[in-house]
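Engineer: For reference, the file protein-v3.txt (compact mmCIF, C-alpha atoms) is included below:
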# COMPACT_ATOMS: atom_id res chain seq x y z
CA MET N 15 2.50 26.51 2.35
CA ASN N 16 2.87 23.70 -0.17
CA ILE N 17 1.52 20.30 0.83
CA SER N 18 2.43 17.23 -1.19
CA LYS N 19 1.82 13.63 -0.35
CA LEU N 20 3.04 10.21 -1.21
CA LEU N 21 0.70 7.29 -0.73
CA LEU N 22 2.48 4.04 -0.35
CA ALA N 23 0.56 0.91 -0.88
CA GLY N 24 1.08 -2.74 -1.20
CA THR N 25 -0.43 -4.48 -4.18
CA ILE N 26 -2.10 -7.87 -3.72
CA THR N 27 -0.59 -10.53 -6.00
CA ALA N 28 -2.42 -12.20 -8.86
CA SER N 29 -3.36 -15.05 -6.56
CA SER N 30 -5.63 -12.76 -4.56
CA LEU N 31 -9.05 -11.29 -5.17
CA MET N 32 -9.25 -10.54 -8.91
CA GLY N 33 -6.11 -8.44 -8.97
CA HIS N 34 -7.40 -5.88 -6.47
CA SER N 35 -4.85 -3.52 -4.97
CA LEU N 36 -4.46 -2.10 -1.48
CA TRP N 37 -3.27 1.46 -0.88
CA LEU N 38 -3.61 4.40 1.51
CA ASN N 39 -5.49 7.64 0.91
CA SER N 40 -4.84 11.03 2.46
CA PHE N 41 -6.78 14.24 1.90
CA ASP N 42 -5.30 17.52 3.16
CA SER N 43 -7.16 20.51 4.57
CA LEU N 44 -4.20 22.38 6.04
CA SER N 45 -3.10 25.95 6.69
CA LYS N 46 -0.11 27.66 8.26
CA LYS N 47 -1.88 27.57 11.60
CA GLY N 48 -3.04 23.96 11.48
CA GLY N 49 -5.91 22.14 9.85
CA HIS N 50 -6.27 18.42 9.34
CA THR N 51 -5.53 15.47 7.08
CA THR N 52 -8.11 12.72 6.63
CA VAL N 53 -6.62 9.28 6.00
CA GLY N 54 -8.06 5.91 5.10
CA ILE N 55 -7.49 2.62 3.33
CA GLY N 56 -8.15 2.19 -0.39
CA TRP N 57 -9.05 -1.11 -2.01
CA GLY N 58 -10.00 -2.09 -5.53
CA HIS N 59 -8.73 -1.01 -8.93
CA ASN N 60 -8.92 2.79 -9.07
CA ILE N 61 -7.63 5.36 -6.58
CA SER N 62 -8.53 7.21 -4.54
CA ILE N 63 -11.75 5.59 -3.32
CA ASP N 64 -13.03 2.55 -5.18
CA ASP N 65 -14.34 -0.20 -2.88
CA SER N 66 -14.59 -1.11 0.79
CA VAL N 67 -11.90 -3.28 2.37
CA PRO N 68 -13.14 -6.90 2.77
CA SER N 69 -13.73 -7.75 6.41
CA LYS N 70 -11.76 -10.99 6.00
CA MET N 71 -8.58 -9.06 5.18
CA GLN N 72 -6.31 -9.03 8.24
CA PHE N 73 -3.91 -6.24 9.17
CA ASP N 74 -0.77 -6.54 11.27
CA SER N 75 -0.23 -2.82 11.87
CA PHE N 76 -1.63 0.59 10.94
CA ASP N 77 0.25 3.57 12.38
CA LEU N 78 0.89 7.27 12.10
CA ILE N 79 4.65 7.95 12.11
CA GLU N 80 5.55 11.48 13.24
CA PRO N 81 8.47 13.45 11.72
CA LYS N 82 10.76 12.43 14.61
CA GLY N 83 9.86 8.75 14.18
CA GLU N 84 7.37 8.14 16.99
CA LYS N 85 4.49 5.77 16.10
CA ILE N 86 0.84 6.22 17.07
CA ALA N 87 -1.56 3.32 16.44
CA LEU N 88 -4.51 4.09 14.17
CA LYS N 89 -7.89 2.39 14.10
CA LYS N 90 -7.99 -0.63 11.78
CA PRO N 91 -10.96 -1.53 9.53
CA PHE N 92 -13.97 -3.39 10.91
CA SER N 93 -13.49 -7.11 11.51
CA LYS N 94 -17.11 -7.56 10.42
CA VAL N 95 -18.97 -5.36 7.94
CA GLU N 96 -22.64 -4.98 8.80
CA LYS N 97 -25.45 -4.63 6.29
CA ILE N 98 -27.51 -1.47 6.76
CA PHE N 99 -30.20 -2.09 4.14
CA GLU N 100 -31.20 -4.74 1.63
CA GLY N 101 -34.24 -4.65 -0.62
CA ASP N 102 -35.64 -3.31 -3.88
CA ASN N 103 -32.54 -4.59 -5.71
CA LEU N 104 -30.40 -2.37 -3.49
CA THR N 105 -27.91 -3.20 -0.75
CA ILE N 106 -26.24 -0.76 1.64
CA THR N 107 -23.30 -1.80 3.86
CA GLN N 108 -20.88 0.00 6.12
CA SER N 109 -17.98 1.64 4.29
CA ASN N 110 -14.96 -0.23 5.62
CA MET N 111 -12.07 2.16 4.91
CA ALA N 112 -10.88 3.06 8.42
CA MET N 113 -11.29 6.77 7.69
CA GLN N 114 -9.95 9.02 10.47
CA LYS N 115 -8.91 12.63 10.88
CA ILE N 116 -5.48 13.86 12.02
CA SER N 117 -5.70 17.44 13.32
CA PHE N 118 -2.83 19.92 13.66
CA ASP N 119 -2.31 23.22 15.42
CA GLU N 120 0.46 25.83 15.45
CA LYS N 121 2.54 23.80 17.92
CA SER N 122 2.37 20.50 16.02
CA GLN N 123 5.65 18.99 14.79
CA LYS N 124 6.64 20.42 11.43
CA GLY N 125 7.81 18.02 8.78
CA THR N 126 6.81 14.86 6.95
CA TYR N 127 4.34 12.47 8.55
CA SER N 128 3.60 9.01 7.21
CA ILE N 129 0.81 6.51 7.53
CA ALA N 130 2.13 2.94 7.50
CA LEU N 131 0.14 -0.24 6.98
CA ALA N 132 1.14 -3.91 6.89
CA THR N 133 -1.11 -6.91 6.27
CA LYS N 134 -0.76 -10.15 8.18
CA THR N 135 1.25 -12.82 6.37
CA GLY N 136 -0.81 -14.73 3.83
CA TYR N 137 -0.20 -18.01 2.00
CA PHE N 138 -1.22 -19.40 -1.37
CA THR N 139 -0.54 -23.04 -2.25
CA LYS N 140 -1.12 -24.87 -5.53
CA TYR N 141 -1.21 -28.66 -5.29
CA ILE N 142 -2.52 -31.93 -6.71
CA ASP N 143 -4.87 -33.76 -4.34
CA LYS N 144 -5.04 -37.50 -3.78
CA LYS N 145 -7.66 -37.81 -6.55
CA GLY N 146 -5.34 -36.18 -9.09
CA LYS N 147 -7.12 -32.82 -9.24
CA THR N 148 -5.23 -29.51 -9.23
CA ARG N 149 -6.37 -27.31 -6.36
CA PHE N 150 -5.55 -23.99 -4.69
CA LYS N 151 -5.75 -22.99 -1.04
CA ARG N 152 -4.83 -19.87 0.92
CA GLU N 153 -2.93 -21.93 3.47
CA PRO N 154 0.73 -22.92 4.00
CA LYS N 155 1.67 -26.23 2.42
CA ASP N 156 2.13 -28.01 5.76
CA LYS N 157 -1.57 -27.50 6.49
CA ILE N 158 -2.77 -29.10 3.26
CA LYS N 159 -3.93 -32.54 4.41
CA ASN N 160 -5.13 -34.06 1.13
CA ALA N 161 -2.11 -33.15 -1.03
CA GLU N 162 -0.48 -35.78 -3.20
CA LYS N 163 2.02 -33.28 -4.61
CA ILE N 164 2.76 -29.61 -3.84
CA LEU N 165 3.21 -27.64 -7.07
CA SER N 166 4.01 -24.26 -5.51
CA SER N 167 3.73 -22.52 -2.16
CA ASN N 168 3.91 -18.76 -1.62
CA GLN N 169 4.17 -16.58 1.46
CA ILE N 170 2.76 -13.11 0.74
CA ASN N 171 3.19 -9.82 2.60
CA THR N 172 1.71 -6.50 1.48
CA PHE N 173 2.69 -3.04 2.71
CA ALA N 174 1.31 0.47 2.30
CA LYS N 175 2.47 3.93 3.26
CA SER N 176 1.17 7.48 2.88
CA TYR N 177 3.30 10.58 3.34
CA PHE N 178 2.12 14.15 3.87
CA ALA N 179 4.01 17.26 4.94
CA PHE N 180 2.87 19.73 7.58
CA GLN N 181 4.38 23.18 6.92
CA GLU N 182 7.67 21.81 5.54
CA TRP N 183 9.19 18.75 3.93
CA THR N 184 11.64 16.62 5.91
CA GLN N 185 13.16 13.27 4.97
CA PRO N 186 10.58 10.62 5.94
CA LYS N 187 11.38 8.01 8.57
CA LYS N 188 11.52 4.30 7.81
CA ALA N 189 8.56 2.16 8.84
CA GLY N 190 10.57 -1.07 9.05
CA HIS N 191 8.50 -2.92 6.45
CA ASN N 192 10.03 -5.89 4.61
CA LEU N 193 9.72 -3.93 1.36
CA GLU N 194 9.58 -0.16 1.57
CA ILE N 195 9.55 2.75 -0.86
CA ILE N 196 10.72 6.11 0.52
CA PRO N 197 10.72 9.37 -1.45
CA THR N 198 14.01 11.25 -1.66
CA SER N 199 12.55 14.24 -3.51
CA ASP N 200 10.94 17.21 -1.76
CA LEU N 201 7.37 16.46 -2.83
CA THR N 202 6.11 19.91 -1.85
CA LYS N 203 8.08 21.27 -4.83
CA VAL N 204 7.27 18.61 -7.44
CA LYS N 205 5.27 19.72 -10.48
CA ALA N 206 4.42 18.25 -13.88
CA GLY N 207 7.54 17.46 -15.90
CA ASP N 208 9.78 17.08 -12.84
CA SER N 209 11.60 13.94 -11.79
CA VAL N 210 10.75 12.06 -8.61
CA THR N 211 13.31 9.82 -6.92
CA PHE N 212 12.84 6.96 -4.47
CA GLU N 213 14.86 4.79 -2.14
CA VAL N 214 13.73 1.15 -2.22
CA LEU N 215 14.59 -1.00 0.80
CA TYR N 216 14.31 -4.74 1.36
CA LYS N 217 14.67 -5.80 5.00
CA GLY N 218 16.09 -2.36 5.77
CA LYS N 219 18.84 -2.45 3.13
CA ALA N 220 19.00 -1.10 -0.42
CA LEU N 221 17.28 -3.42 -2.90
CA GLN N 222 20.08 -4.09 -5.36
CA SER N 223 17.97 -4.76 -8.43
CA GLY N 224 14.39 -4.89 -9.63
CA TYR N 225 11.93 -2.51 -11.23
CA MET N 226 9.05 -0.16 -10.47
CA THR N 227 6.09 0.84 -12.63
CA ALA N 228 4.04 4.03 -12.54
CA LYS N 229 0.56 4.82 -13.85
CA SER N 230 -1.44 8.03 -13.86
CA GLU N 231 -4.93 8.21 -12.36
CA GLN N 232 -5.89 10.45 -15.29
CA ASN N 233 -5.28 7.65 -17.80
CA PRO N 234 -5.33 4.29 -15.98
CA HIS N 235 -5.54 2.31 -19.24
CA ALA N 236 -2.36 3.77 -20.73
CA ASN N 237 0.92 1.87 -20.71
CA ALA N 238 2.83 2.14 -17.46
CA LEU N 239 6.08 4.05 -17.10
CA PHE N 240 9.04 1.87 -16.12
CA SER N 241 12.13 2.41 -13.97
CA SER N 242 14.79 -0.09 -13.03
CA ILE N 243 15.93 -0.24 -9.41
CA ARG N 244 19.70 -0.03 -9.05
CA LYS N 245 21.33 -0.20 -5.66
CA GLY N 246 18.12 0.87 -3.99
CA LYS N 247 17.40 3.86 -6.26
CA ALA N 248 14.58 4.50 -8.74
CA LYS N 249 13.60 7.59 -10.73
CA PHE N 250 10.62 8.72 -12.82
CA THR N 251 9.83 11.83 -14.83
CA LEU N 252 6.10 12.54 -14.54
CA PRO N 253 4.48 14.31 -17.51
CA ASN N 254 1.24 15.47 -15.87
CA ASN N 255 -0.34 16.55 -12.60
CA GLY N 256 -2.64 14.42 -10.47
CA LYS N 257 -2.14 11.12 -8.72
CA TRP N 258 0.42 8.56 -9.85
CA ILE N 259 0.65 4.99 -8.60
CA PHE N 260 4.02 3.24 -8.35
CA LYS N 261 4.38 -0.49 -7.74
CA THR N 262 7.19 -2.90 -7.00
CA THR N 263 7.42 -6.55 -5.98
CA HIS N 264 10.30 -8.53 -4.55
CA LYS N 265 10.13 -12.28 -5.06
CA LYS N 266 12.57 -14.74 -3.53
CA GLU N 267 12.28 -18.17 -5.09
CA ALA N 268 12.63 -21.09 -2.68
CA GLU N 269 10.75 -24.16 -1.51
CA LEU N 270 8.49 -21.57 0.10
CA THR N 271 8.54 -18.58 -2.27
CA LEU N 272 8.58 -15.25 -0.43
CA ILE N 273 6.61 -12.47 -2.14
CA ASN N 274 6.64 -8.89 -0.82
CA ASN N 275 4.58 -6.16 -2.49
CA ALA N 276 4.71 -2.39 -2.15
CA SER N 277 3.37 0.48 -4.21
CA ALA N 278 3.42 4.26 -4.01
CA THR N 279 1.03 6.97 -5.14
CA ILE N 280 2.02 10.62 -5.27
CA THR N 281 -0.18 13.62 -5.90
CA ILE N 282 1.31 16.41 -8.02
CA LYS N 283 -0.60 19.68 -7.53
Can the structure in the file be given as C-alpha cells, please?
Structural biologist:
Amino acid sequence: MNISKLLLAGTITASSLMGHSLWLNSFDSLSKKGGHTTVGIGWGHNISIDDSVPSKMQFDSFDLIEPKGEKIALKKPFSKVEKIFEGDNLTITQSNMAMQKISFDEKSQKGTYSIALATKTGYFTKYIDKKGKTRFKREPKDKIKNAEKILSSNQINTFAKSYFAFQEWTQPKKAGHNLEIIPTSDLTKVKAGDSVTFEVLYKGKALQSGYMTAKSEQNPHANALFSSIRKGKAKFTLPNNGKWIFKTTHKKEAELTLINNASATITIK
C-alpha cells in the first residue's frame, strides 16, 4: 500500500513573530491491516519539527476530517506551557505541539483523511499616537485609544491542513476554511519529477488569480518554485523526493485589509 500525505499549513504574515510559520505534521506507520498516523502542529522555520507552539497563540478549530466528510475534534495545544526545569544554563519546557495518534484497523474507512486547523482571527494595526510616534499593536483599530492617525489595519486568518491516505487515495473533502488548498493529484502515486496539481479556494469558490510558491526541505535556502493560480488551479513539477512546502496568501485591500494565509507541504517517497 502506498501512503502519501499533504500537509496544509497557514503561514503567519510578516507582522507576526519573526516570520515564523505554522503547519501540520503527520507521520505514518500503516499497513494493509491498520496501523496509525501520529499528527501534530509545527511552528517555526523548518519542517517537520522545529519549535513549540507559543501558548499565547489561539486556535479556532483543530479537527480530523474522515473520507466521507465527518469531523472529529482533536486536542488543541496547551493554553499554558509549564517549565519542567531551569538551571545550569539549561531550560526544559513542555513540548507544545498537540501530538496525538490516530489508529486504524481493517474496518476503518478507506480513503483520504485530513487534519484541519484554523487560528482565531488576529489583528495588526499601525498608527501614529497623540505624541506623534509611530506604533504597532495586535488589536483592531477601534480598540486603539491613543491613536491620532491610523496608518493601516489588518485582519489576519491562518489555516493549516494535513492529508494522508489509508489504503487508497480518494478526493479530499473541503474543510470550509476562508483560504484552502486541496490536492487534485493522487499523492500515493507521486514521485520525483512528477507534476502535482491543486485546487485553491477562497470562501468556497475558485480563487481566480494569485500565486503559490514551493520550497524543498532538502534545500530550504534555494530559490522557491513559482506557480500562478488561474481560475482556482495551480501546478508544480517537483524535481526531488522529500517534503515540499507550498504557500499562498490572499489579500483584500480595504479600510480593514483582510489577509488570509495557507500553505501546503507534501511528502514524496
Engineer: In Å, with one decimal, what is the gap from CA of Pro68 (chain N) to CA of Leu131 (chain N)?
Structural biologist: 15.4 Å
Engineer: Would you please work out which residue, of N:Lys147, N:Lys283, N:Lys47, N:Lys249, is nearest to Lys205 (chain N) when using only C-alpha atoms?
Structural biologist: N:Lys283
Engineer: Counting all atoms listed in the file, which residue out of N:Asp208, N:Asp119, N:Asp64, N:Asp74 sits closest to Phe173 (chain N)?
Structural biologist: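 Counting all atoms listed in the file, the residue closest to Phe173 (chain N) is N:Asp74.
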Engineer: Between N:Asn168, N:His235, N:Ala161, N:Ser62, single out the one closest to Lys257 (chain N), counting all atoms listed in the file.
Structural biologist: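 Ranking N:Asn168, N:His235, N:Ala161, N:Ser62 by distance to Lys257 (chain N), first place goes to N:Ser62.
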Engineer: One decimal, Å: what's the distance from CA of Glu96 (chain N) over to CA of Asn110 (chain N), could you say?
Structural biologist: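 Going from CA of Glu96 (chain N) over to CA of Asn110 (chain N) covers 9.6 Å.
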Engineer: Of the candidates N:Thr281, N:Thr51, N:Ser167, N:Ser40, which one gets nearest to Lys203 (chain N) if we count all atoms listed in the file?
Structural biologist: N:Thr281
Engineer: List the neighbours of region 78-85 of chain N out to 9 Å using all atoms listed in the file; skip same-chain residues closer than 5 positions along the sequence, and give me the result as a list in words.
Structural biologist: Gln123, Lys124, Gly125, Thr126, Tyr127, Ser128, Ile129, Ala130, Ala179, Thr184, Gln185, Pro186, Lys187, Lys188 and Ala189 of chain N
Engineer: So which one's closest to Ser199 (chain N), N:Ala220, N:Leu215, N:Ile243, N:Ile280? Using all atoms listed in the file, please.
Structural biologist: N:Ile280
Engineer: Counting all atoms listed in the file, find the residues whose atoms lie at most 10 Å from (14.7, 9.3, -2.0) (file coordinates) and write them out as a list of chain:residue names.
Structural biologist: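 Checking each residue against the 10 Å limit leaves N:Gln185, N:Pro186, N:Ile195, N:Ile196, N:Pro197, N:Thr198, N:Ser199, N:Asp200, N:Val210, N:Thr211, N:Phe212, N:Glu213, N:Val214, N:Gly246, N:Lys247, N:Ala248, N:Lys249.
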